[in-house]
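File shown here: final_12.cif, holding mmCIF, C-alpha atoms.
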```cif
data_my_file
loop_
_atom_site.label_atom_id
_atom_site.label_comp_id
_atom_site.auth_asym_id
_atom_site.auth_seq_id
_atom_site.Cartn_x
_atom_site.Cartn_y
_atom_site.Cartn_z
CA MET A 137 0.00 0.00 0.00
CA HIS A 138 1.50 3.23 -1.12
CA PHE A 139 0.26 6.47 0.23
CA VAL A 140 0.50 9.09 -2.49
CA TRP A 141 -0.03 12.58 -1.11
CA THR A 142 -1.16 14.00 -4.44
CA SER A 143 -4.24 11.79 -4.31
CA THR A 144 -5.41 13.85 -1.37
CA ILE A 145 -4.85 17.10 -3.21
CA VAL A 146 -6.53 15.77 -6.34
CA THR A 147 -9.52 14.56 -4.34
CA LEU A 148 -9.82 17.84 -2.48
CA VAL A 149 -9.59 19.98 -5.60
CA SER A 150 -11.86 17.83 -7.76
CA PHE A 151 -14.50 17.54 -5.05
CA LEU A 152 -14.55 21.27 -4.37
CA VAL A 153 -14.65 22.08 -8.08
CA LEU A 154 -17.45 19.57 -8.56
CA TYR A 155 -19.33 21.07 -5.61
CA PHE A 156 -19.09 24.61 -6.94
CA LEU A 157 -19.91 23.62 -10.51
CA LEU A 158 -22.93 21.60 -9.42
CA ASN A 159 -24.21 24.35 -7.18
CA ARG A 160 -23.64 27.01 -9.78
CA TYR A 161 -24.94 25.24 -12.87
CA ALA A 162 -27.19 22.41 -11.77
CA PHE A 163 -28.68 22.47 -8.30
CA GLY A 164 -29.03 26.21 -7.93
CA PRO A 165 -31.33 26.50 -10.96
CA LEU A 166 -33.02 23.19 -10.13
CA MET A 167 -33.84 24.24 -6.60
CA SER A 168 -35.06 27.63 -7.71
CA VAL A 169 -37.36 25.86 -10.17
CA MET A 170 -38.61 23.60 -7.41
CA GLU A 171 -39.18 26.64 -5.22
CA LYS A 172 -41.04 28.29 -8.10
CA ARG A 173 -43.22 25.23 -8.52
CA ARG A 174 -43.94 25.22 -4.81
CA GLU A 175 -44.96 28.86 -5.02
CA LEU A 176 -47.06 28.14 -8.12
CA VAL A 177 -48.93 25.35 -6.39
CA LEU A 178 -49.38 27.52 -3.32
CA SER A 179 -50.71 30.43 -5.34
CA GLN A 180 -53.05 28.13 -7.25
CA LEU A 181 -54.33 26.70 -4.01
CA ASN A 182 -54.90 30.21 -2.69
CA GLU A 183 -56.65 31.14 -5.91
CA ALA A 184 -58.88 28.09 -5.67
CA ALA A 185 -59.76 28.93 -2.10
CA GLU A 186 -60.49 32.52 -3.10
CA THR A 187 -62.66 31.42 -6.01
CA ARG A 188 -64.50 29.07 -3.73
CA SER A 189 -65.24 31.73 -1.15
CA GLU A 190 -66.27 34.05 -3.96
CA ALA A 191 -68.62 31.40 -5.30
CA ALA A 192 -70.08 30.93 -1.84
CA ALA A 193 -70.59 34.68 -1.58
CA TYR A 194 -72.29 34.66 -4.97
CA VAL A 195 -74.61 31.87 -3.90
CA GLU A 196 -75.45 33.80 -0.76
CA GLN A 197 -76.12 36.88 -2.83
CA GLN A 198 -78.31 34.91 -5.22
CA LYS A 199 -80.25 33.48 -2.33
CA GLU A 200 -80.81 36.93 -0.95
CA ALA A 201 -81.91 38.22 -4.35
CA LEU A 202 -84.29 35.30 -4.72
CA GLN A 203 -85.71 35.95 -1.28
CA GLN A 204 -86.15 39.59 -2.14
CA ALA A 205 -87.86 38.77 -5.42
CA ARG A 206 -90.18 36.39 -3.64
CA GLN A 207 -90.99 39.05 -1.07
CA GLU A 208 -91.67 41.57 -3.81
CA ALA A 209 -93.90 39.17 -5.67
CA TYR A 210 -95.83 38.51 -2.49
CA GLU A 211 -96.16 42.22 -1.85
CA ILE A 212 -97.38 42.86 -5.38
CA LEU A 213 -99.88 40.07 -5.07
CA GLU A 214 -101.08 41.39 -1.75
CA GLN A 215 -101.31 44.89 -3.11
CA SER A 216 -103.28 43.80 -6.15
CA ARG A 217 -105.54 41.77 -3.94
CA GLN A 218 -106.13 44.83 -1.81
CA THR A 219 -106.75 47.11 -4.79
CA SER A 220 -109.14 44.66 -6.39
CA GLY A 221 -111.00 44.34 -3.12
CA LYS A 222 -111.19 48.10 -2.85
CA GLN A 223 -112.39 48.38 -6.40
CA ALA A 224 -115.04 45.79 -5.83
CA ASP A 225 -116.13 47.63 -2.72
CA ALA A 226 -116.24 50.87 -4.67
CA LEU A 227 -118.26 49.23 -7.42
CA ILE A 228 -120.68 47.78 -4.95
CA ALA A 229 -120.98 51.10 -3.18
CA GLN A 230 -121.55 52.85 -6.48
CA ALA A 231 -124.16 50.32 -7.47
CA LYS A 232 -125.85 50.72 -4.13
CA GLU A 233 -125.79 54.46 -4.49
CA GLU A 234 -127.19 54.16 -8.00
CA THR A 235 -130.02 51.94 -6.87
CA ALA A 236 -130.78 54.23 -3.95
CA ARG A 237 -130.81 57.18 -6.27
CA MET A 238 -133.05 55.35 -8.72
CA LYS A 239 -135.37 54.37 -5.91
CA ASP A 240 -135.51 57.95 -4.68
CA GLU A 241 -136.25 59.18 -8.18
CA ALA A 242 -138.93 56.59 -8.59
CA ILE A 243 -140.46 57.60 -5.28
CA ARG A 244 -140.30 61.22 -6.31
CA ASP A 245 -141.91 60.42 -9.66
CA ILE A 246 -144.60 58.43 -7.97
CA ASP A 247 -145.22 61.27 -5.53
CA SER A 248 -145.42 63.88 -8.24
CA GLU A 249 -147.71 61.65 -10.32
CA LYS A 250 -149.83 61.08 -7.28
CA ASN A 251 -149.97 64.78 -6.53
CA LYS A 252 -150.76 65.52 -10.13
CA ALA A 253 -153.44 62.90 -10.14
CA MET A 254 -154.77 64.16 -6.87
CA ALA A 255 -154.82 67.73 -8.15
CA ALA A 256 -156.58 66.62 -11.31
CA LEU A 257 -158.98 64.56 -9.24
CA ARG A 258 -159.51 67.44 -6.94
CA GLY A 259 -160.33 69.73 -9.85
CA GLU A 260 -162.61 67.08 -11.34
CA VAL A 261 -164.32 66.44 -8.05
CA GLY A 262 -164.80 70.19 -7.54
CA ARG A 263 -166.28 70.63 -10.97
CA VAL A 264 -168.42 67.54 -10.65
CA SER A 265 -169.62 68.49 -7.26
CA VAL A 266 -170.40 71.99 -8.47
CA GLN A 267 -172.38 70.47 -11.32
CA ILE A 268 -174.12 68.14 -8.91
CA ALA A 269 -174.77 70.95 -6.57
CA SER A 270 -176.03 73.21 -9.28
CA LYS A 271 -178.20 70.44 -10.54
CA LEU A 272 -179.41 69.75 -7.06
CA ILE A 273 -180.19 73.19 -6.09
CA GLU A 274 -180.97 74.21 -9.58
CA LYS A 275 -179.41 77.37 -8.91
CA GLU A 276 -176.81 79.16 -10.79
CA ILE A 277 -173.91 79.49 -8.60
CA ASP A 278 -170.96 81.53 -9.51
CA GLU A 279 -168.41 78.97 -10.29
CA LYS A 280 -165.66 81.15 -9.16
CA ALA A 281 -167.13 81.93 -5.84
CA ASN A 282 -167.79 78.34 -5.24
CA GLU A 283 -164.25 77.22 -5.93
CA GLY A 284 -163.11 78.62 -2.61
CA LEU A 285 -165.95 76.80 -0.94
CA VAL A 286 -165.07 73.51 -2.55
CA ASP A 287 -161.43 73.93 -1.56
CA GLN A 288 -162.51 74.62 1.96
CA TYR A 289 -164.64 71.55 1.95
CA LEU A 290 -161.97 69.35 0.49
CA LYS A 291 -159.41 70.59 2.98
CA ASP A 292 -161.82 69.70 5.68
CA VAL A 293 -162.23 66.32 4.16
CA GLY A 294 -158.42 65.92 3.89
CA THR A 295 -157.93 66.80 7.54
CA LYS A 296 -160.77 64.68 8.74
CA SER A 297 -159.84 61.65 6.77
CA MET B 135 -2.21 -7.71 -5.21
CA HIS B 136 -2.07 -5.35 -8.13
CA GLU B 137 0.29 -2.44 -7.96
CA ALA B 138 -0.96 1.09 -8.16
CA PRO B 139 0.19 2.97 -11.26
CA VAL B 140 2.17 5.82 -9.75
CA ILE B 141 4.15 8.01 -12.11
CA GLU B 142 6.30 11.00 -11.35
CA LEU B 143 5.87 14.29 -13.15
CA TYR B 144 8.53 16.86 -12.27
CA GLY B 145 9.12 14.96 -9.05
CA ILE B 146 5.43 14.96 -8.13
CA PRO B 147 4.00 11.46 -7.67
CA LEU B 148 0.62 10.94 -9.29
CA ASP B 149 -1.54 7.87 -8.75
CA LEU B 150 -3.25 7.40 -12.12
CA SER B 151 -5.66 4.77 -10.79
CA ILE B 152 -7.14 7.49 -8.57
CA ILE B 153 -6.83 10.56 -10.73
CA ILE B 154 -8.35 9.12 -13.93
CA PRO B 155 -11.42 7.48 -12.39
CA MET B 156 -11.94 10.48 -10.13
CA ILE B 157 -12.00 12.86 -13.07
CA VAL B 158 -14.29 10.47 -14.94
CA SER B 159 -16.60 10.27 -11.97
CA CYS B 160 -16.68 14.07 -11.61
CA ILE B 161 -17.49 14.38 -15.30
CA ILE B 162 -20.25 11.75 -15.08
CA VAL B 163 -21.84 13.47 -12.08
CA PHE B 164 -21.62 16.91 -13.60
CA VAL B 165 -22.88 15.84 -17.02
CA LEU B 166 -25.75 13.91 -15.44
CA ALA B 167 -26.74 16.88 -13.32
CA LYS B 168 -26.28 19.32 -16.18
CA VAL B 169 -28.29 17.26 -18.67
CA ALA B 170 -31.03 16.75 -16.10
CA THR B 171 -31.28 20.49 -15.47
CA ARG B 172 -30.79 21.60 -19.06
CA ASN B 173 -34.41 22.39 -19.94
CA LEU B 174 -35.78 23.33 -16.58
CA SER B 175 -39.52 23.64 -16.49
CA VAL B 176 -41.78 24.62 -13.64
CA GLU B 177 -44.94 23.05 -14.97
CA ASN B 178 -43.75 20.27 -17.25
CA PRO B 179 -40.53 18.68 -15.97
CA GLY B 180 -38.82 16.07 -18.14
CA LYS B 181 -37.90 12.56 -17.01
CA LEU B 182 -34.35 13.42 -16.01
CA GLN B 183 -35.46 16.57 -14.26
CA ASN B 184 -37.97 14.51 -12.33
CA PHE B 185 -35.22 12.09 -11.36
CA MET B 186 -32.97 14.94 -10.25
CA GLU B 187 -35.79 16.51 -8.28
CA TRP B 188 -36.40 13.16 -6.66
CA VAL B 189 -32.72 13.08 -5.62
CA VAL B 190 -32.90 16.61 -4.24
CA GLU B 191 -36.10 15.86 -2.37
CA PHE B 192 -34.71 12.62 -1.01
CA VAL B 193 -31.65 14.43 0.31
CA GLN B 194 -33.83 17.22 1.69
CA ASN B 195 -35.93 14.70 3.56
CA GLN B 196 -32.84 13.04 4.97
CA ILE B 197 -31.48 16.39 6.12
CA ALA B 198 -34.85 17.27 7.60
CA SER B 199 -34.68 14.03 9.60
CA THR B 200 -31.39 15.09 11.21
CA MET B 201 -32.07 18.77 11.75
CA ASP B 202 -34.56 21.53 11.17
CA LEU B 203 -34.58 22.18 7.42
CA LYS B 204 -34.33 25.88 8.25
CA HIS B 205 -30.77 25.24 9.46
CA GLY B 206 -30.10 22.50 6.92
CA ARG B 207 -30.89 24.38 3.73
CA PRO B 208 -27.28 25.59 3.07
CA TYR B 209 -25.99 21.99 3.22
CA ILE B 210 -28.35 20.51 0.62
CA GLY B 211 -25.83 21.16 -2.16
CA LEU B 212 -23.01 19.59 -0.16
CA ALA B 213 -25.14 16.55 0.67
CA ILE B 214 -26.24 15.99 -2.93
CA THR B 215 -22.69 16.40 -4.21
CA LEU B 216 -21.43 13.93 -1.61
CA ILE B 217 -24.03 11.26 -2.28
CA MET B 218 -23.82 11.54 -6.08
CA PHE B 219 -20.03 11.68 -6.23
CA ILE B 220 -19.55 8.79 -3.83
CA PHE B 221 -22.24 6.69 -5.46
CA VAL B 222 -20.81 7.16 -8.95
CA SER B 223 -17.29 6.54 -7.65
CA ASN B 224 -18.42 3.35 -5.94
CA MET B 225 -19.99 2.14 -9.16
CA LEU B 226 -16.96 2.92 -11.34
CA GLY B 227 -14.83 0.02 -10.18
CA LEU B 228 -17.57 -2.57 -10.66
CA PRO B 229 -18.16 -3.09 -14.38
CA PHE B 230 -14.60 -3.61 -15.58
CA GLY B 231 -10.97 -3.28 -14.65
CA ILE B 232 -7.89 -2.42 -16.65
CA VAL B 233 -4.97 -4.53 -15.54
CA MET B 234 -1.66 -4.49 -17.37
CA GLY B 235 1.04 -7.02 -16.83
CA TYR B 236 4.70 -6.14 -17.17
CA ASP B 237 7.68 -8.46 -17.34
CA SER B 238 10.54 -5.98 -16.98
CA ALA B 239 11.18 -2.62 -15.40
CA ALA B 240 11.89 -1.08 -18.80
CA ASP B 241 8.42 -2.00 -20.12
CA ALA B 242 6.58 -0.56 -17.15
CA THR B 243 5.84 2.87 -18.54
CA ILE B 244 2.70 4.88 -19.18
CA PHE B 245 2.56 8.14 -21.17
CA GLY B 246 6.32 7.78 -21.53
CA GLN B 247 6.80 7.88 -17.75
CA PRO B 248 8.08 4.92 -15.72
CA ILE B 249 5.62 3.51 -13.23
CA THR B 250 7.58 3.91 -10.04
CA THR B 251 5.69 1.33 -8.03
CA ALA B 252 6.17 -1.29 -10.74
CA VAL B 253 9.87 -0.44 -10.97
CA GLU B 254 10.18 -0.83 -7.22
CA ALA B 255 8.40 -4.16 -7.40
CA PHE B 256 10.85 -5.34 -10.06
CA ASN B 257 13.74 -4.18 -7.93
CA THR B 258 12.53 -6.08 -4.88
CA ALA B 259 11.88 -9.14 -7.07
CA ALA B 260 15.40 -8.87 -8.48
CA ALA B 261 16.81 -8.50 -4.96
CA ALA B 262 14.85 -11.62 -3.97
CA GLY B 263 16.49 -13.48 -6.88
CA ASN B 264 13.34 -13.86 -9.02
CA ALA B 265 14.58 -14.42 -12.59
CA HIS B 266 11.22 -13.90 -14.32
CA PRO B 267 9.35 -11.25 -12.39
CA HIS B 268 5.80 -10.40 -13.37
CA VAL B 269 4.08 -7.29 -12.06
CA GLU B 270 0.43 -6.42 -12.64
CA VAL B 271 -0.75 -2.83 -12.45
CA ALA B 272 -4.44 -1.93 -12.06
CA PHE B 273 -5.31 1.28 -13.86
CA TRP B 274 -8.98 1.29 -13.13
CA LYS B 275 -10.74 1.05 -9.79
CA SER B 276 -13.21 2.95 -7.68
CA PRO B 277 -11.59 6.13 -6.42
CA THR B 278 -13.35 5.50 -3.13
CA ALA B 279 -11.45 2.20 -2.77
CA ASP B 280 -8.44 4.29 -1.81
CA VAL B 281 -7.93 5.48 1.75
CA SER B 282 -6.49 8.84 0.79
CA VAL B 283 -9.64 9.71 -1.18
CA THR B 284 -12.14 8.70 1.49
CA MET B 285 -10.12 10.32 4.25
CA THR B 286 -9.95 13.52 2.24
CA LEU B 287 -13.72 13.51 1.82
CA ALA B 288 -14.12 12.85 5.53
CA ALA B 289 -11.68 15.67 6.27
CA ILE B 290 -13.68 18.08 4.10
CA VAL B 291 -16.79 17.16 6.07
CA PHE B 292 -14.81 17.45 9.33
CA LEU B 293 -13.66 20.95 8.45
CA VAL B 294 -17.15 22.02 7.38
CA VAL B 295 -18.63 20.58 10.58
CA HIS B 296 -16.24 22.34 12.93
CA PHE B 297 -16.13 25.59 11.00
CA GLN B 298 -19.91 25.77 10.95
CA GLY B 299 -20.04 24.82 14.62
CA MET B 300 -17.61 27.56 15.60
CA THR B 301 -19.24 30.30 13.53
CA LYS B 302 -22.93 29.48 13.86
CA ASN B 303 -23.07 28.13 17.40
CA THR B 304 -19.91 29.47 19.00
CA LYS B 305 -20.93 29.26 22.66
CA GLY B 306 -22.65 25.90 22.41
CA TYR B 307 -19.82 24.51 20.30
CA PHE B 308 -17.08 25.18 22.84
CA LYS B 309 -19.31 24.39 25.79
CA HIS B 310 -20.24 20.95 24.58
CA TYR B 311 -16.62 19.77 24.88
CA LEU B 312 -16.93 20.23 28.64
CA GLU B 313 -20.16 18.32 28.98
CA PRO B 314 -21.35 16.65 31.04
CA TYR B 315 -18.25 17.50 33.16
CA PRO B 316 -14.97 19.25 32.27
CA VAL B 317 -13.19 15.95 32.97
CA PHE B 318 -14.72 14.62 29.76
CA LEU B 319 -12.75 17.06 27.59
CA PRO B 320 -10.17 14.48 26.37
CA ILE B 321 -12.90 11.96 25.65
CA ASN B 322 -14.87 14.52 23.71
CA LEU B 323 -11.78 15.46 21.70
CA ILE B 324 -11.00 11.82 20.94
CA GLU B 325 -14.62 11.35 19.90
CA GLN B 326 -14.29 14.05 17.29
CA PHE B 327 -11.21 12.53 15.72
CA SER B 328 -12.52 8.99 15.95
CA SER B 329 -15.66 10.06 14.13
CA LEU B 330 -13.48 11.59 11.42
CA LEU B 331 -11.50 8.37 11.17
CA THR B 332 -14.51 6.03 11.12
CA HIS B 333 -16.30 8.30 8.67
CA GLY B 334 -13.56 7.89 6.08
CA MET B 335 -12.51 4.35 6.93
CA ARG B 336 -16.03 2.93 6.77
CA LEU B 337 -16.44 3.96 3.15
CA TYR B 338 -12.91 2.90 2.22
CA GLY B 339 -13.26 -0.49 3.90
CA ASN B 340 -16.54 -1.36 2.29
CA ILE B 341 -15.55 -0.41 -1.23
CA PHE B 342 -12.01 -1.70 -1.00
CA ALA B 343 -13.25 -5.06 0.29
CA GLY B 344 -15.67 -5.23 -2.61
CA GLU B 345 -12.88 -4.60 -5.09
CA VAL B 346 -10.60 -7.14 -3.43
CA LEU B 347 -13.27 -9.78 -3.70
CA ILE B 348 -13.81 -8.91 -7.35
CA ALA B 349 -10.06 -9.31 -7.91
CA VAL B 350 -10.14 -12.66 -6.11
CA ILE B 351 -13.03 -13.87 -8.27
CA LEU B 352 -11.13 -12.73 -11.36
CA LYS B 353 -8.14 -14.80 -10.19
CA LEU B 354 -10.48 -17.74 -9.76
CA SER B 355 -11.70 -17.39 -13.34
CA ALA B 356 -8.11 -17.69 -14.53
CA VAL B 357 -7.57 -21.00 -12.71
CA GLY B 358 -9.24 -23.24 -15.27
CA ALA B 359 -12.48 -24.25 -16.94
CA VAL B 360 -14.17 -25.09 -13.62
CA GLY B 361 -12.99 -21.84 -12.10
CA LEU B 362 -14.26 -19.88 -15.09
CA VAL B 363 -17.70 -21.49 -14.92
CA ALA B 364 -17.87 -21.02 -11.15
CA SER B 365 -16.63 -17.43 -11.24
CA ILE B 366 -19.41 -16.12 -13.52
CA PRO B 367 -22.37 -16.57 -11.12
CA MET B 368 -20.19 -15.51 -8.20
CA MET B 369 -19.21 -12.38 -10.07
CA MET B 370 -22.83 -11.61 -10.88
CA ILE B 371 -23.90 -12.04 -7.27
CA TRP B 372 -21.01 -10.05 -5.90
CA GLN B 373 -21.38 -7.20 -8.37
CA GLY B 374 -25.08 -6.94 -7.56
CA PHE B 375 -24.25 -6.89 -3.89
CA SER B 376 -21.52 -4.31 -4.49
CA ILE B 377 -24.02 -2.01 -6.18
CA PHE B 378 -26.18 -2.32 -3.08
CA ILE B 379 -23.18 -1.72 -0.80
CA GLY B 380 -22.06 1.25 -2.90
CA ALA B 381 -25.51 2.86 -2.71
CA ILE B 382 -25.78 2.21 1.03
CA GLN B 383 -22.29 3.56 1.74
CA ALA B 384 -22.90 6.72 -0.30
CA PHE B 385 -26.13 7.25 1.63
CA VAL B 386 -24.45 6.53 4.99
CA PHE B 387 -21.58 8.90 4.26
CA MET B 388 -24.01 11.68 3.34
CA ILE B 389 -26.33 11.14 6.30
CA LEU B 390 -23.43 10.93 8.77
CA ALA B 391 -22.03 14.20 7.43
CA MET B 392 -25.42 15.81 8.02
CA VAL B 393 -25.71 14.28 11.49
CA TYR B 394 -22.29 15.63 12.46
CA ILE B 395 -23.23 19.08 11.16
CA SER B 396 -26.54 19.07 12.99
CA GLN B 397 -24.83 18.00 16.24
CA LYS B 398 -22.59 21.02 16.07
CA ILE B 399 -24.86 23.78 14.82
CA VAL B 400 -28.14 23.04 16.58
CA LYS B 401 -28.37 24.91 19.85
CA HIS B 402 -29.45 22.67 22.70
CA GLU B 403 -31.75 24.19 25.23
CA ASP B 404 -30.88 23.47 28.85
CA HIS B 405 -33.21 20.93 30.33
#
```

Please, can you express the file's structure as structure tokens?
Amino acid sequence: MHFVWTSTIVTLVSFLVLYFLLNRYAFGPLMSVMEKRRELVLSQLNEAAETRSEAAAYVEQQKEALQQARQEAYEILEQSRQTSGKQADALIAQAKEETARMKDEAIRDIDSEKNKAMAALRGEVGRVSVQIASKLIEKEIDEKANEGLVDQYLKDVGTKS
Amino acid sequence: MHEAPVIELYGIPLDLSIIIPMIVSCIIVFVLAKVATRNLSVENPGKLQNFMEWVVEFVQNQIASTMDLKHGRPYIGLAITLIMFIFVSNMLGLPFGIVMGYDSAADATIFGQPITTAVEAFNTAAAAGNAHPHVEVAFWKSPTADVSVTMTLAAIVFLVVHFQGMTKNTKGYFKHYLEPYPVFLPINLIEQFSSLLTHGMRLYGNIFAGEVLIAVILKLSAVGAVGLVASIPMMMIWQGFSIFIGAIQAFVFMILAMVYISQKIVKHEDH
């Protein structure tokens, strides 16, 4: 076994050179690439988490919007129900009013007809009674003077009856 | 045993069986890492990039098991370089060997330089009165099957460990030599150096033993027809086992380096 001192030197130098070359040209870039990949994966994971939370927020928002729309629809329905009820009430009231008015008119018409008829009857009765009276008493009575008498008589009859 | 091919350039001895495979192993590791990280992509990594990322993640997990990854991040590069370099070095000696036989001191040359160890072997053979000396020189083996290589790697780790301990955890570093009592100072010091020694020797022993057994099986194959037939399945089994051993030892060397670092830089709270 020979111990050759240059072997030590050669080993030392070649190992150190290899170490520096590898670090400079191979492992440095390789490890930076691995680090980059790690960061890429990390950022993608973060992005995914962000997107997920965003999606959840969107769903929440959509739910809220749906709820709101439902509420609005309900309100509109309620409102229309109320308005239609009111309208019906108004129509009914109007119809009632109309009928009452027509009834009143009819009553008034009837009254006026009755009065007219009564007045005509009164006149007829006066004339007839004057004729009867004149026939009965055979006496010419001033028609005009007798009209007041007949009225008096009829009034008496009206109050007594 | 085969001789190591040591030549002298300007008076400097060079062990070719260490230098050549070591350079080859450095080139393999660097080319592998470079090819794997050539077209880096964040979203669509290629097969080799995936493999390299698996290696990095594996080492990261191992470091995280010894210390907080917050402290361990600067040592990831060191750990990956260690495990890849040692693994490739362990594998290099397995598939083939280059052994040259020489019959005279004048023949034993490489690149025009005499192989000093072979020349010495011829001289001792001549002194012993051997008329037909034959020396075999192995040019190819795992660099980690040499004690000077593994001890150098262990020494690099040792220096990193203690330097990091002194700078990052100064108080705790010096205090822990006196724990649990100041009397334990020599034991603590011995522990440091024994861990350095075992760190390097463990790797050397495992790989060197594997190579020795491969050499023995090769000798067996040269014995005769029976030896040849018997050596093939043995070689297959032993090479498979050596791959396993090489992987395990590379992993153990790396994880021990990280354990030593974590022991020195992690601040212990008083209980």

Any chance you could work out the residue set of the PyMOL selection byres ((chain B) within 8 of (chain A)) here, as a tab-separated table (two decimals) with C-alpha atoms, in the frame of the given file?
```tsv
chain	number	residue	atom	x	y	z
B	138	ALA	CA	-0.96	1.09	-8.16
B	146	ILE	CA	5.43	14.96	-8.13
B	147	PRO	CA	4.00	11.46	-7.67
B	148	LEU	CA	0.62	10.94	-9.29
B	149	ASP	CA	-1.54	7.87	-8.75
B	152	ILE	CA	-7.14	7.49	-8.57
B	153	ILE	CA	-6.83	10.56	-10.73
B	156	MET	CA	-11.94	10.48	-10.13
B	157	ILE	CA	-12.00	12.86	-13.07
B	160	CYS	CA	-16.68	14.07	-11.61
B	164	PHE	CA	-21.62	16.91	-13.60
B	167	ALA	CA	-26.74	16.88	-13.32
B	168	LYS	CA	-26.28	19.32	-16.18
B	171	THR	CA	-31.28	20.49	-15.47
B	174	LEU	CA	-35.78	23.33	-16.58
B	175	SER	CA	-39.52	23.64	-16.49
B	176	VAL	CA	-41.78	24.62	-13.64
B	177	GLU	CA	-44.94	23.05	-14.97
B	187	GLU	CA	-35.79	16.51	-8.28
B	211	GLY	CA	-25.83	21.16	-2.16
B	212	LEU	CA	-23.01	19.59	-0.16
B	215	THR	CA	-22.69	16.40	-4.21
B	282	SER	CA	-6.49	8.84	0.79
B	283	VAL	CA	-9.64	9.71	-1.18
B	286	THR	CA	-9.95	13.52	2.24
B	287	LEU	CA	-13.72	13.51	1.82
B	290	ILE	CA	-13.68	18.08	4.10
```

> Where does the PyMOL selection byres ((chain B and resi 254) around 12) land in this file, that is, which residues does it pick, as a PyMOL selection string?
Replying inline: (chain A and resi 138) or (chain B and resi 137-141+238-240+242+248-253+255-261+267+269)

> Using the chain letters and numbers from the file, which residues does the PyMOL selection byres ((chain B and resi 306-308) around 12) grab, as an MDAnalysis selection string?
Replying inline: chainID B and resid 295:305 309:313 316 319 322:323 395:404

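One finds atom CA of Ala349 of chain B at 29.0 Å from atom CA of Leu166 of chain B.
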
>> From the options A:Leu285, A:Ile243, A:Leu290, A:Ile228, which residue's atoms come nearest to Leu257 of chain A, counting all atoms listed in the file?
In response: A:Leu290

>> Using all atoms listed in the file, list the residues that have an atom at most 12 Å from (-19.6, 10.1, 2.6), coordinates as in the file, as a ChimeraX atom specification.
In response: /A:151 /B:212-224,278,283-292,330-338,340-341,380-394

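Between atom CA of Gly180 of chain B and atom CA of Val165 of chain B the separation is 16.0 Å.
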
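When atom CA of Gly339 of chain B is paired with atom CA of Pro155 of chain B, their separation reads 18.2 Å.
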